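See below for the structure under consideration.
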Number of protein chains: 4
Amino acid sequence: MTLRHLKSLEERQNLLEKDQRVELKNIRKVLIDREEDIHCENLIGAISLPVGIAGPLELKGENVKNETVYIPLATTEGALVASVSRGCKAITLSGGALVNAHRVGTTRGPVFYTGSIRKSEEFYQWLKRNEKQLTKVAESTSSHLSFKKYDIRTVGSYAFIRFYFDTQDAMGMNMATIASEKMVDYISEKTGFQCLSLAGNFDVDKKAAWMNFINNRGFKVWAEVVISARIVKEVLKTTLGKIFDVWLAKCMIGSAMSGSLGFNAHFANVVAAFFAATGQDLAHVVEGSLGITTMKVLPSEDLYISIYLPAVMLGTVGGGTGLKTQEEARSITGVNTSIELAEVVGGAVLAGELSLLASLSEGSLAKAHKKLGR
Amino acid sequence: MTLRHLKSLEERQNLLEKDQRVELKNIRKVLIDREEDIHCENLIGAISLPVGIAGPLELKGENVKNETVYIPLATTEGALVASVSRGCKAITLSGGALVNAHRVGTTRGPVFYTGSIRKSEEFYQWLKRNEKQLTKVAESTSSHLSFKKYDIRTVGSYAFIRFYFDTQDAMGMNMATIASEKMVDYISEKTGFQCLSLAGNFDVDKKAAWMNFINNRGFKVWAEVVISARIVKEVLKTTLGKIFDVWLAKCMIGSAMSGSLGFNAHFANVVAAFFAATGQDLAHVVEGSLGITTMKVLPSEDLYISIYLPAVMLGTVGGGTGLKTQEEARSITGVNTSIELAEVVGGAVLAGELSLLASLSEGSLAKAHKKLGR
Amino acid sequence: MTLRHLKSLEERQNLLEKDQRVELKNIRKVLIDREEDIHCENLIGAISLPVGIAGPLELKGENVKNETVYIPLATTEGALVASVSRGCKAITLSGGALVNAHRVGTTRGPVFYTGSIRKSEEFYQWLKRNEKQLTKVAESTSSHLSFKKYDIRTVGSYAFIRFYFDTQDAMGMNMATIASEKMVDYISEKTGFQCLSLAGNFDVDKKAAWMNFINNRGFKVWAEVVISARIVKEVLKTTLGKIFDVWLAKCMIGSAMSGSLGFNAHFANVVAAFFAATGQDLAHVVEGSLGITTMKVLPSEDLYISIYLPAVMLGTVGGGTGLKTQEEARSITGVNTSIELAEVVGGAVLAGELSLLASLSEGSLAKAHKKLGR
Amino acid sequence: MTLRHLKSLEERQNLLEKDQRVELKNIRKVLIDREEDIHCENLIGAISLPVGIAGPLELKGENVKNETVYIPLATTEGALVASVSRGCKAITLSGGALVNAHRVGTTRGPVFYTGSIRKSEEFYQWLKRNEKQLTKVAESTSSHLSFKKYDIRTVGSYAFIRFYFDTQDAMGMNMATIASEKMVDYISEKTGFQCLSLAGNFDVDKKAAWMNFINNRGFKVWAEVVISARIVKEVLKTTLGKIFDVWLAKCMIGSAMSGSLGFNAHFANVVAAFFAATGQDLAHVVEGSLGITTMKVLPSEDLYISIYLPAVMLGTVGGGTGLKTQEEARSITGVNTSIELAEVVGGAVLAGELSLLASLSEGSLAKAHKKLGR
């Protein structure tokens, strides 16, 4: 008798407790959504992941217009929420963060086997000629999906495609997969070429990859703020020179030295905690944490800081976003659309960068003090 | 009045409900750990993240000796648990997966400013001469930490160090940070060189980076299994040729074409779900999902498949691992040490790869059937 | 008195011989072009770089139609020419290589300073609206240049552009730079934004970069051939299984393990020798050697091998291509246009891969023989 | 009748002229070395590649002690020599460049097939235990070679090794290959494991790869100089602020945005021209052009600039270094050992970076002037 054949939640819980000699009383208790609302097979319960709140954070976005938001962060890393909150304070005292998000589109990327470079060329040309028809095929699968564009690269007897879809407020991997499958069927039927795999790692889903960094995925998001020297000193407890030096050494040169796709201090911390809180797919933290923090000491002796997230996959409907606690957590942000949520992530990540880089620079100050004080 | 000044959980919850006009009844309800046991500031509650169980999975590890484990996966992606379970079935029917894990060590990487390449050279030589003394300094900070080794690279007036620590069953970033700070103080005092930042992105923490792939971080983990053609057909519903072709096109060539650090099908899905379930730091999914899947059709007409995870950061004590539900979830695996848990991750990831690659290859079979059936 | 102030070649040669106490008699002798035909300041002579010939090689290209070409290779690496020649023989006996080249365009990439993400957005939109006008500006600079397209990415207060130009049979960096400068002036004048640098490493010229791999530069080139098992055995002295195994272990998995942008055996050797012989810019070997070799054992028990070069920068006019010996070397190939030359490179690289991979696989065979023979 | 069967140089030249209807009179003339001194099969002559001289350049190296060197550059790119010369002038007026080189070692990297992760583990342990014996085996192959260390990574049933050798003043790939072959034979004999390929792309030879960047290859080389604001203005025609801004935008952020392994302005130009002039293997330009340029405006209002080359493969004996013109070209530098030559490359690359970055920054100045002047 195995788990797979047990139809009821309770049967599975009981079997596991008995077989593995474990107690699941908390895991049982924490499950509050109805099983039919949950996309998770062999369900046995749920884990309770603590949520803290950072903010308030003033945002002036292209989509989130002049709003004060709070940032729910599900995390167990001490100091993270406090640190982001400190960043929010410095930003809000400085008049708020500018944020912006562009929808690039959810991608799915089949790979076809053509048999030769000559056939690959034909395939390339066929696709070019049939984009309109493919759009129709794609958009016949859902009224919530529209086809945006595609990239194609052929290598030997393989043709790698990357379809981009607008999936409205859903993160949309399922929709994109269904549309891609229909397109793939159509292409195979019309061209006779075989699709080896509906997902050929040219998508490239849930992977750190330069394709996602350079040609983007989901949303690309920017945020920035100008902080006065006074606020740098009073709120962030550091100086313009020190924070700039840390940024340059760590986010630029250090990242170059380690072959990193993250030229930043800790995007992943904020993205992971925000994604967990708001019901996003946690594997999308991988591409969601790519990106660059930039800094500049302005002639006015203010500090300019910006963040750029090239590949943010998220949504406000579908997946885990509709679970009770995740929906409540998102409601705290006050926004409802995916593009707004992307801008909120941008603001939160900016706050996180500002605060951690300040801490790191101030740490060295503290040390210098100790040393000089002897 | 802001969140930061409210001392009690209830005050924060009330303020947020009132200010943001939201309802947090579920977030309130799901919190079951005591506030003092949680490392999360401005706590307002918790989210409930569904957990499914994959398995049973037979493992023959260097550390997990001949055990049948279950894999708790916290996810909201439909089909993930079922898919991993199918992989577990194929593996277990094949006699189980070989797994192995090496502890490379938790890394922390300060960056020093030396002022010139000549001074960088001196710094380099000093560090070489003083490794023993630095070991003492590091190990004075905790009886649970031992210093393993360091890497150093100098570029211009910067010296980037990467300390590796054995932190026993803790993931250990906090311990590593405390030890590094002490070492940094010692180095600064003895050499006069200034530490710009305790973390200089040569660690390189929570970032997709070739340093983590090539020189490893946390644990490196391997898993493999040989599957007979019969099981490939009956359980995985595909053929050796098809699954191999998909692997080659997707995991190798497709990943190369997209500049990926993930030469695999979907490590991130399994790692993220397992990390969430067992209370790991979710930002470590970033380096945890790096790695390679390999395949080979053996002369015996069996399928060999292996996975390699170069940078797995996890623990069984500390961080979120001690939260009630997370501890229960880990107990389901039946293992208690971090190196064993790393091997379990290896087995789970192997199961996930096997099943998804089979699905993708069988998808194209299904299509061919449809087409041929017309 | 320094070199810079000496106007005549002989004065410089004399000064150097005297000052550095060296003898330059051969360097003097080898210079055969007129100084006014040479783009090299402070000229003192020339080096003599040996040229060997590989071939004949049968090519069936999209541009080089059914021709037998010879491959001039300037090299001092023993065995290289012989090895490429052996590859040519195997290919030609198999009916020749299919080759294909697409012109992507020579790129130049200025970086502008906008001051903020809001301004970056304006800049982005302005560029979109003014593409036609920019095309006119670009094309006013030369009748040999046409503007193809551009990529743009903004990060914080920076906007990175990448212009693509068709520069006909010239490699065209100079033309592209002149056109870009005019465009940059126009953009600055119209938008008021300052160009920080005419070349902002988003070009990205003479650098190994995923941008060049993924979005291509110059020409992208493919070549392939199907080799029968008999020719694999008789000419290449190996077996299908062995050569495939080496390819998979080395070009795929080994390259992944080392974080390489070259998923191939030795593109760089052939590209460097061919570029040197035909007067190309040797620094373009860097992006010219990026790329992938693929292999497949066909159901017919033949070996399929292909190469893909994503970023080949070369020309048949301009730069060093008009020097006397380089022009003669190119004439040996029998082709005159840059796109044809790109296809010849493709064929040569394919021959090189085939032969080296065969050697490596046969080496291990030799060893096995020795061992078994004891 | 084909080239391969023609024994004499003249026969080959004649055949080619007749068959391909080309004239090779210059290629014939330029060949000045004796055929037996040249490692190039099917030799038909040589090309004449112009050489210009940059310098004088004052160097204060760990190996090149306080010397004034000239830099021979074989190039056909207009302005390159002049630009490097301008950089040399600025450096020399500033008291010269500090340079330093570390020998990391020439690498060769076989890949073994072990069959399973358990066997890979055994292999790993065997290698650890037998390092001394392997050293003996390696060093028995040449009195000019010593074994330095090895890296090993296992993935599934593959074990990738990377041997590092000190090959004295030779670049040493041949020596390293011969030693590796002997070691591989020894390993195979003792362990029974099969070597799939003597070179498994973990070397990783002539490829842009993070392994070469992070763990180095050949020599790692540094150079730096401090330039006063006055010299920046008078010689480089720019200002500290402008050159710093260009460096940051281009070499750091632009390189990050394009997924580059070159965080520099144009290492490849100088390395390629210097390698060609001095008889190095031109394919080594690929890893030789990896690296980072750093800059800092010092509190003293001077400009600090440094370059770091992580993987310089070169020599002063063997390969093409002994050809007549190449030997003369090297003699111009005044140095004889490979480590000194590596330091000279470092100085030359530094000069190139300084001058180009100044030009780019001054270009924008020129434009601003034009604009402001209207």
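Every chain in the structure tokens takes a letter, A first, then B, and so on in the order presented; its residues are numbered from 1, and the ligands are numbered from 1 following the presented order.
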Output the contact residues of chain B with respect to chain D at a cut-off of 8 Å, based on only C-alpha atoms, as a PDB file with all heavy atoms, in the first residue's frame.
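Saved to out21.pdb:
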```
ATOM      1  N   LEU B  98      21.818   5.436  -6.107  1.00  0.00           N
ATOM      2  CA  LEU B  98      23.069   5.706  -5.393  1.00  0.00           C
ATOM      3  C   LEU B  98      23.119   7.204  -5.152  1.00  0.00           C
ATOM      4  O   LEU B  98      22.829   7.991  -6.057  1.00  0.00           O
ATOM      5  CB  LEU B  98      24.268   5.323  -6.249  1.00  0.00           C
ATOM      6  CG  LEU B  98      24.657   3.853  -6.340  1.00  0.00           C
ATOM      7  CD1 LEU B  98      25.940   3.711  -7.185  1.00  0.00           C
ATOM      8  CD2 LEU B  98      24.922   3.284  -4.941  1.00  0.00           C
ATOM      9  N   VAL B  99      23.489   7.619  -3.958  1.00  0.00           N
ATOM     10  CA  VAL B  99      23.648   9.043  -3.669  1.00  0.00           C
ATOM     11  C   VAL B  99      24.943   9.261  -2.902  1.00  0.00           C
ATOM     12  O   VAL B  99      25.450   8.359  -2.238  1.00  0.00           O
ATOM     13  CB  VAL B  99      22.463   9.623  -2.852  1.00  0.00           C
ATOM     14  CG1 VAL B  99      21.207   9.764  -3.718  1.00  0.00           C
ATOM     15  CG2 VAL B  99      22.151   8.766  -1.632  1.00  0.00           C
ATOM     16  N   ASN B 100      25.459  10.468  -3.032  1.00  0.00           N
ATOM     17  CA  ASN B 100      26.707  10.794  -2.350  1.00  0.00           C
ATOM     18  C   ASN B 100      26.747  12.300  -2.152  1.00  0.00           C
ATOM     19  O   ASN B 100      26.239  13.057  -2.975  1.00  0.00           O
ATOM     20  CB  ASN B 100      27.910  10.344  -3.208  1.00  0.00           C
ATOM     21  CG  ASN B 100      29.235  10.406  -2.457  1.00  0.00           C
ATOM     22  OD1 ASN B 100      29.266  10.689  -1.254  1.00  0.00           O
ATOM     23  ND2 ASN B 100      30.327  10.141  -3.159  1.00  0.00           N
ATOM     24  N   SER B 116      47.237  48.768  -3.662  1.00  0.00           N
ATOM     25  CA  SER B 116      48.080  48.560  -4.849  1.00  0.00           C
ATOM     26  C   SER B 116      48.348  47.084  -5.049  1.00  0.00           C
ATOM     27  O   SER B 116      48.180  46.278  -4.132  1.00  0.00           O
ATOM     28  CB  SER B 116      49.410  49.306  -4.718  1.00  0.00           C
ATOM     29  OG  SER B 116      50.353  48.503  -4.022  1.00  0.00           O
ATOM     30  N   ILE B 117      48.780  46.729  -6.253  1.00  0.00           N
ATOM     31  CA  ILE B 117      49.056  45.320  -6.518  1.00  0.00           C
ATOM     32  C   ILE B 117      50.240  44.828  -5.696  1.00  0.00           C
ATOM     33  O   ILE B 117      50.326  43.660  -5.353  1.00  0.00           O
ATOM     34  CB  ILE B 117      49.273  45.017  -8.021  1.00  0.00           C
ATOM     35  CG1 ILE B 117      50.452  45.784  -8.606  1.00  0.00           C
ATOM     36  CG2 ILE B 117      48.025  45.317  -8.820  1.00  0.00           C
ATOM     37  CD1 ILE B 117      50.755  45.389 -10.062  1.00  0.00           C
ATOM     38  N   ARG B 118      51.140  45.724  -5.364  1.00  0.00           N
ATOM     39  CA  ARG B 118      52.278  45.309  -4.531  1.00  0.00           C
ATOM     40  C   ARG B 118      51.792  44.945  -3.127  1.00  0.00           C
ATOM     41  O   ARG B 118      52.202  43.944  -2.543  1.00  0.00           O
ATOM     42  CB  ARG B 118      53.322  46.428  -4.480  1.00  0.00           C
ATOM     43  CG  ARG B 118      54.660  45.971  -3.980  1.00  0.00           C
ATOM     44  CD  ARG B 118      55.802  46.874  -4.425  1.00  0.00           C
ATOM     45  NE  ARG B 118      56.284  46.568  -5.771  1.00  0.00           N
ATOM     46  CZ  ARG B 118      57.135  47.344  -6.456  1.00  0.00           C
ATOM     47  NH1 ARG B 118      57.596  48.466  -5.922  1.00  0.00           N
ATOM     48  NH2 ARG B 118      57.537  46.989  -7.661  1.00  0.00           N
ATOM     49  N   VAL B 155      42.802  41.606  -7.353  1.00  0.00           N
ATOM     50  CA  VAL B 155      42.657  42.338  -8.606  1.00  0.00           C
ATOM     51  C   VAL B 155      42.893  43.803  -8.267  1.00  0.00           C
ATOM     52  O   VAL B 155      42.183  44.372  -7.444  1.00  0.00           O
ATOM     53  CB  VAL B 155      41.271  42.086  -9.258  1.00  0.00           C
ATOM     54  CG1 VAL B 155      40.135  42.252  -8.292  1.00  0.00           C
ATOM     55  CG2 VAL B 155      41.069  42.960 -10.480  1.00  0.00           C
ATOM     56  N   GLY B 156      43.922  44.361  -8.863  1.00  0.00           N
ATOM     57  CA  GLY B 156      44.285  45.734  -8.552  1.00  0.00           C
ATOM     58  C   GLY B 156      44.462  45.904  -7.059  1.00  0.00           C
ATOM     59  O   GLY B 156      45.201  45.143  -6.413  1.00  0.00           O
ATOM     60  N   SER B 157      43.781  46.864  -6.489  1.00  0.00           N
ATOM     61  CA  SER B 157      43.950  47.160  -5.069  1.00  0.00           C
ATOM     62  C   SER B 157      42.922  46.440  -4.205  1.00  0.00           C
ATOM     63  O   SER B 157      42.722  46.818  -3.051  1.00  0.00           O
ATOM     64  CB  SER B 157      43.866  48.670  -4.865  1.00  0.00           C
ATOM     65  OG  SER B 157      42.803  49.215  -5.599  1.00  0.00           O
ATOM     66  N   TRP B 210      29.478  31.212 -11.425  1.00  0.00           N
ATOM     67  CA  TRP B 210      30.361  30.112 -11.792  1.00  0.00           C
ATOM     68  C   TRP B 210      31.284  29.721 -10.656  1.00  0.00           C
ATOM     69  O   TRP B 210      31.717  28.572 -10.567  1.00  0.00           O
ATOM     70  CB  TRP B 210      31.126  30.455 -13.067  1.00  0.00           C
ATOM     71  CG  TRP B 210      30.248  30.224 -14.241  1.00  0.00           C
ATOM     72  CD1 TRP B 210      29.614  31.166 -15.017  1.00  0.00           C
ATOM     73  CD2 TRP B 210      29.827  28.954 -14.750  1.00  0.00           C
ATOM     74  NE1 TRP B 210      28.836  30.552 -15.967  1.00  0.00           N
ATOM     75  CE2 TRP B 210      28.950  29.206 -15.834  1.00  0.00           C
ATOM     76  CE3 TRP B 210      30.084  27.634 -14.398  1.00  0.00           C
ATOM     77  CZ2 TRP B 210      28.348  28.172 -16.561  1.00  0.00           C
ATOM     78  CZ3 TRP B 210      29.491  26.613 -15.121  1.00  0.00           C
ATOM     79  CH2 TRP B 210      28.641  26.883 -16.193  1.00  0.00           C
ATOM     80  N   MET B 211      31.614  30.670  -9.783  1.00  0.00           N
ATOM     81  CA  MET B 211      32.419  30.323  -8.610  1.00  0.00           C
ATOM     82  C   MET B 211      31.740  29.212  -7.810  1.00  0.00           C
ATOM     83  O   MET B 211      32.396  28.264  -7.376  1.00  0.00           O
ATOM     84  CB  MET B 211      32.612  31.576  -7.753  1.00  0.00           C
ATOM     85  CG  MET B 211      33.274  31.335  -6.424  1.00  0.00           C
ATOM     86  SD  MET B 211      34.860  30.463  -6.520  1.00  0.00           S
ATOM     87  CE  MET B 211      36.004  31.838  -6.425  1.00  0.00           C
ATOM     88  N   ILE B 214      31.850  25.943 -10.037  1.00  0.00           N
ATOM     89  CA  ILE B 214      33.172  25.355 -10.269  1.00  0.00           C
ATOM     90  C   ILE B 214      33.875  24.978  -8.961  1.00  0.00           C
ATOM     91  O   ILE B 214      34.428  23.891  -8.848  1.00  0.00           O
ATOM     92  CB  ILE B 214      34.050  26.329 -11.090  1.00  0.00           C
ATOM     93  CG1 ILE B 214      33.502  26.429 -12.518  1.00  0.00           C
ATOM     94  CG2 ILE B 214      35.515  25.878 -11.099  1.00  0.00           C
ATOM     95  CD1 ILE B 214      34.171  27.482 -13.376  1.00  0.00           C
ATOM     96  N   TRP B 222      25.698  14.132  -5.539  1.00  0.00           N
ATOM     97  CA  TRP B 222      25.487  13.331  -6.745  1.00  0.00           C
ATOM     98  C   TRP B 222      24.406  12.270  -6.485  1.00  0.00           C
ATOM     99  O   TRP B 222      24.302  11.764  -5.367  1.00  0.00           O
ATOM    100  CB  TRP B 222      26.753  12.557  -7.120  1.00  0.00           C
ATOM    101  CG  TRP B 222      27.987  13.339  -7.334  1.00  0.00           C
ATOM    102  CD1 TRP B 222      28.466  13.807  -8.521  1.00  0.00           C
ATOM    103  CD2 TRP B 222      28.955  13.734  -6.352  1.00  0.00           C
ATOM    104  NE1 TRP B 222      29.652  14.483  -8.326  1.00  0.00           N
ATOM    105  CE2 TRP B 222      29.974  14.453  -7.017  1.00  0.00           C
ATOM    106  CE3 TRP B 222      29.061  13.587  -4.963  1.00  0.00           C
ATOM    107  CZ2 TRP B 222      31.085  14.980  -6.359  1.00  0.00           C
ATOM    108  CZ3 TRP B 222      30.158  14.126  -4.300  1.00  0.00           C
ATOM    109  CH2 TRP B 222      31.153  14.811  -4.998  1.00  0.00           C
ATOM    110  N   ALA B 223      23.701  11.929  -7.529  1.00  0.00           N
ATOM    111  CA  ALA B 223      22.777  10.792  -7.433  1.00  0.00           C
ATOM    112  C   ALA B 223      22.701  10.144  -8.798  1.00  0.00           C
ATOM    113  O   ALA B 223      22.871  10.806  -9.818  1.00  0.00           O
ATOM    114  CB  ALA B 223      21.401  11.251  -6.978  1.00  0.00           C
ATOM    115  N   GLU B 224      22.446   8.852  -8.814  1.00  0.00           N
ATOM    116  CA  GLU B 224      22.356   8.162 -10.106  1.00  0.00           C
ATOM    117  C   GLU B 224      21.524   6.897  -9.962  1.00  0.00           C
ATOM    118  O   GLU B 224      21.325   6.389  -8.858  1.00  0.00           O
ATOM    119  CB  GLU B 224      23.751   7.778 -10.630  1.00  0.00           C
ATOM    120  CG  GLU B 224      24.346   6.591  -9.914  1.00  0.00           C
ATOM    121  CD  GLU B 224      25.751   6.225 -10.375  1.00  0.00           C
ATOM    122  OE1 GLU B 224      26.317   6.916 -11.224  1.00  0.00           O
ATOM    123  OE2 GLU B 224      26.282   5.230  -9.835  1.00  0.00           O
ATOM    124  N   ILE B 292      24.071  19.770 -13.265  1.00  0.00           N
ATOM    125  CA  ILE B 292      24.047  18.998 -14.504  1.00  0.00           C
ATOM    126  C   ILE B 292      23.341  17.668 -14.332  1.00  0.00           C
ATOM    127  O   ILE B 292      23.563  16.960 -13.351  1.00  0.00           O
ATOM    128  CB  ILE B 292      25.496  18.705 -14.970  1.00  0.00           C
ATOM    129  CG1 ILE B 292      26.286  20.006 -15.154  1.00  0.00           C
ATOM    130  CG2 ILE B 292      25.501  17.893 -16.251  1.00  0.00           C
ATOM    131  CD1 ILE B 292      27.681  19.804 -15.716  1.00  0.00           C
ATOM    132  N   THR B 294      23.170  14.103 -16.342  1.00  0.00           N
ATOM    133  CA  THR B 294      23.779  13.350 -17.451  1.00  0.00           C
ATOM    134  C   THR B 294      22.991  12.072 -17.713  1.00  0.00           C
ATOM    135  O   THR B 294      22.320  11.554 -16.819  1.00  0.00           O
ATOM    136  CB  THR B 294      25.247  12.954 -17.188  1.00  0.00           C
ATOM    137  OG1 THR B 294      25.291  11.860 -16.277  1.00  0.00           O
ATOM    138  CG2 THR B 294      26.066  14.107 -16.632  1.00  0.00           C
ATOM    139  N   ILE B 305      21.140   7.455 -15.621  1.00  0.00           N
ATOM    140  CA  ILE B 305      20.903   8.887 -15.423  1.00  0.00           C
ATOM    141  C   ILE B 305      21.536   9.316 -14.115  1.00  0.00           C
ATOM    142  O   ILE B 305      21.501   8.592 -13.125  1.00  0.00           O
ATOM    143  CB  ILE B 305      19.391   9.224 -15.444  1.00  0.00           C
ATOM    144  CG1 ILE B 305      19.168  10.730 -15.183  1.00  0.00           C
ATOM    145  CG2 ILE B 305      18.603   8.390 -14.472  1.00  0.00           C
ATOM    146  CD1 ILE B 305      17.740  11.204 -15.413  1.00  0.00           C
ATOM    147  N   SER B 306      22.172  10.494 -14.131  1.00  0.00           N
ATOM    148  CA  SER B 306      22.781  11.018 -12.905  1.00  0.00           C
ATOM    149  C   SER B 306      22.484  12.494 -12.784  1.00  0.00           C
ATOM    150  O   SER B 306      22.228  13.175 -13.775  1.00  0.00           O
ATOM    151  CB  SER B 306      24.300  10.818 -12.930  1.00  0.00           C
ATOM    152  OG  SER B 306      24.940  11.940 -13.530  1.00  0.00           O
ATOM    153  N   ILE B 307      22.525  12.985 -11.558  1.00  0.00           N
ATOM    154  CA  ILE B 307      22.452  14.430 -11.339  1.00  0.00           C
ATOM    155  C   ILE B 307      23.643  14.853 -10.490  1.00  0.00           C
ATOM    156  O   ILE B 307      24.164  14.068  -9.689  1.00  0.00           O
ATOM    157  CB  ILE B 307      21.144  14.881 -10.657  1.00  0.00           C
ATOM    158  CG1 ILE B 307      20.998  14.253  -9.264  1.00  0.00           C
ATOM    159  CG2 ILE B 307      19.932  14.564 -11.517  1.00  0.00           C
ATOM    160  CD1 ILE B 307      21.483  15.066  -8.123  1.00  0.00           C
ATOM    161  N   TYR B 308      24.055  16.103 -10.704  1.00  0.00           N
ATOM    162  CA  TYR B 308      25.159  16.678  -9.935  1.00  0.00           C
ATOM    163  C   TYR B 308      24.747  18.071  -9.497  1.00  0.00           C
ATOM    164  O   TYR B 308      24.423  18.927 -10.329  1.00  0.00           O
ATOM    165  CB  TYR B 308      26.413  16.761 -10.808  1.00  0.00           C
ATOM    166  CG  TYR B 308      27.558  17.566 -10.239  1.00  0.00           C
ATOM    167  CD1 TYR B 308      28.075  17.285  -8.975  1.00  0.00           C
ATOM    168  CD2 TYR B 308      28.134  18.607 -10.962  1.00  0.00           C
ATOM    169  CE1 TYR B 308      29.129  18.033  -8.456  1.00  0.00           C
ATOM    170  CE2 TYR B 308      29.195  19.347 -10.457  1.00  0.00           C
ATOM    171  CZ  TYR B 308      29.687  19.059  -9.198  1.00  0.00           C
ATOM    172  OH  TYR B 308      30.732  19.788  -8.686  1.00  0.00           O
TER     173      TYR B 308
END
```
Legend entry - Long-range neighbours of B:Leu31 as a ChimeraX atom specification, 10 Å cut-off, only C-alpha atoms, 6 positions minimum in chain: /A:30,47-51 /B:43-48
Inset, instruction - From a DSSP pass on the backbone, collect the residues of stretch 12-115 of chain D flagged as alpha helix (DSSP H) and hand them back as a ChimeraX atom specification. - result: /D:12-19,25-30,80-93
Legend entry - Selection near D:Ala311, 12 Å with only C-alpha atoms, sequence-local residues under 3 positions removed, as a PyMOL selection string: chain D and resi 101-107+171+203-222+261-262+271+284-292+308+314+342+345-346
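A straight line drawn from atom CA of C:Ile152 to atom CA of A:Lys148 is 17.8 Å long.
In the backbone-derived DSSP annotation, strand (DSSP E) within stretch 265-355 of chain A comprises Gly291, Ile292, Thr293, Thr294, Met295, Lys296, Val297, Leu303, Tyr304, Ile305, Ser306, Ile307, Tyr308, Leu309, Pro310, Ala311 and Val312 of chain A.
Atom CA of B:Trp247 is positioned 14.6 Å from atom CA of A:Gly109.
Across the model, the gap from atom CA of D:Gly315 to atom CA of D:Pro56 is 22.1 Å.
For the choices A:Val246, A:Val349, A:Ala199, A:Leu57, the atom-to-atom distance to A:Ala90 is smallest for A:Leu57 when using only C-alpha atoms.
Considering the residues D:Arg230, D:Lys149, D:His39, D:Arg28 and counting only C-alpha atoms, C:Thr75 has its shortest atom-to-atom contact with D:His39.
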Inset, instruction - Using only C-alpha atoms, find the one residue out of B:Ser255, B:Thr135, B:Ser188, B:Gln125 that sits nearest to B:Phe165. - result: B:Thr135
Inset, instruction - Please provide the set of residues having any atom within 12 Å of A:Gly322, restricted to only C-alpha atoms, with same-chain residues fewer than 3 positions apart removed, written as a ChimeraX atom specification. - result: /A:33-34,37-39,170,277-280,315-319,325-331,336 /B:47-49,76
Legend entry - Non-local contacts of A:Ala176 (9 Å; only C-alpha atoms; under 6 positions in same chain excluded) as number ranges by chain: A: 106-108, 138, 145, 163-167
Inset, instruction - Fewer than 3 positions away in the same chain doesn't count, so skip those; otherwise give me all residues within 10 Å of B:Glu41, counting only C-alpha atoms, as a ChimeraX atom specification. - result: /A:50-54,73,75-83,85 /B:4,9,35,38,44
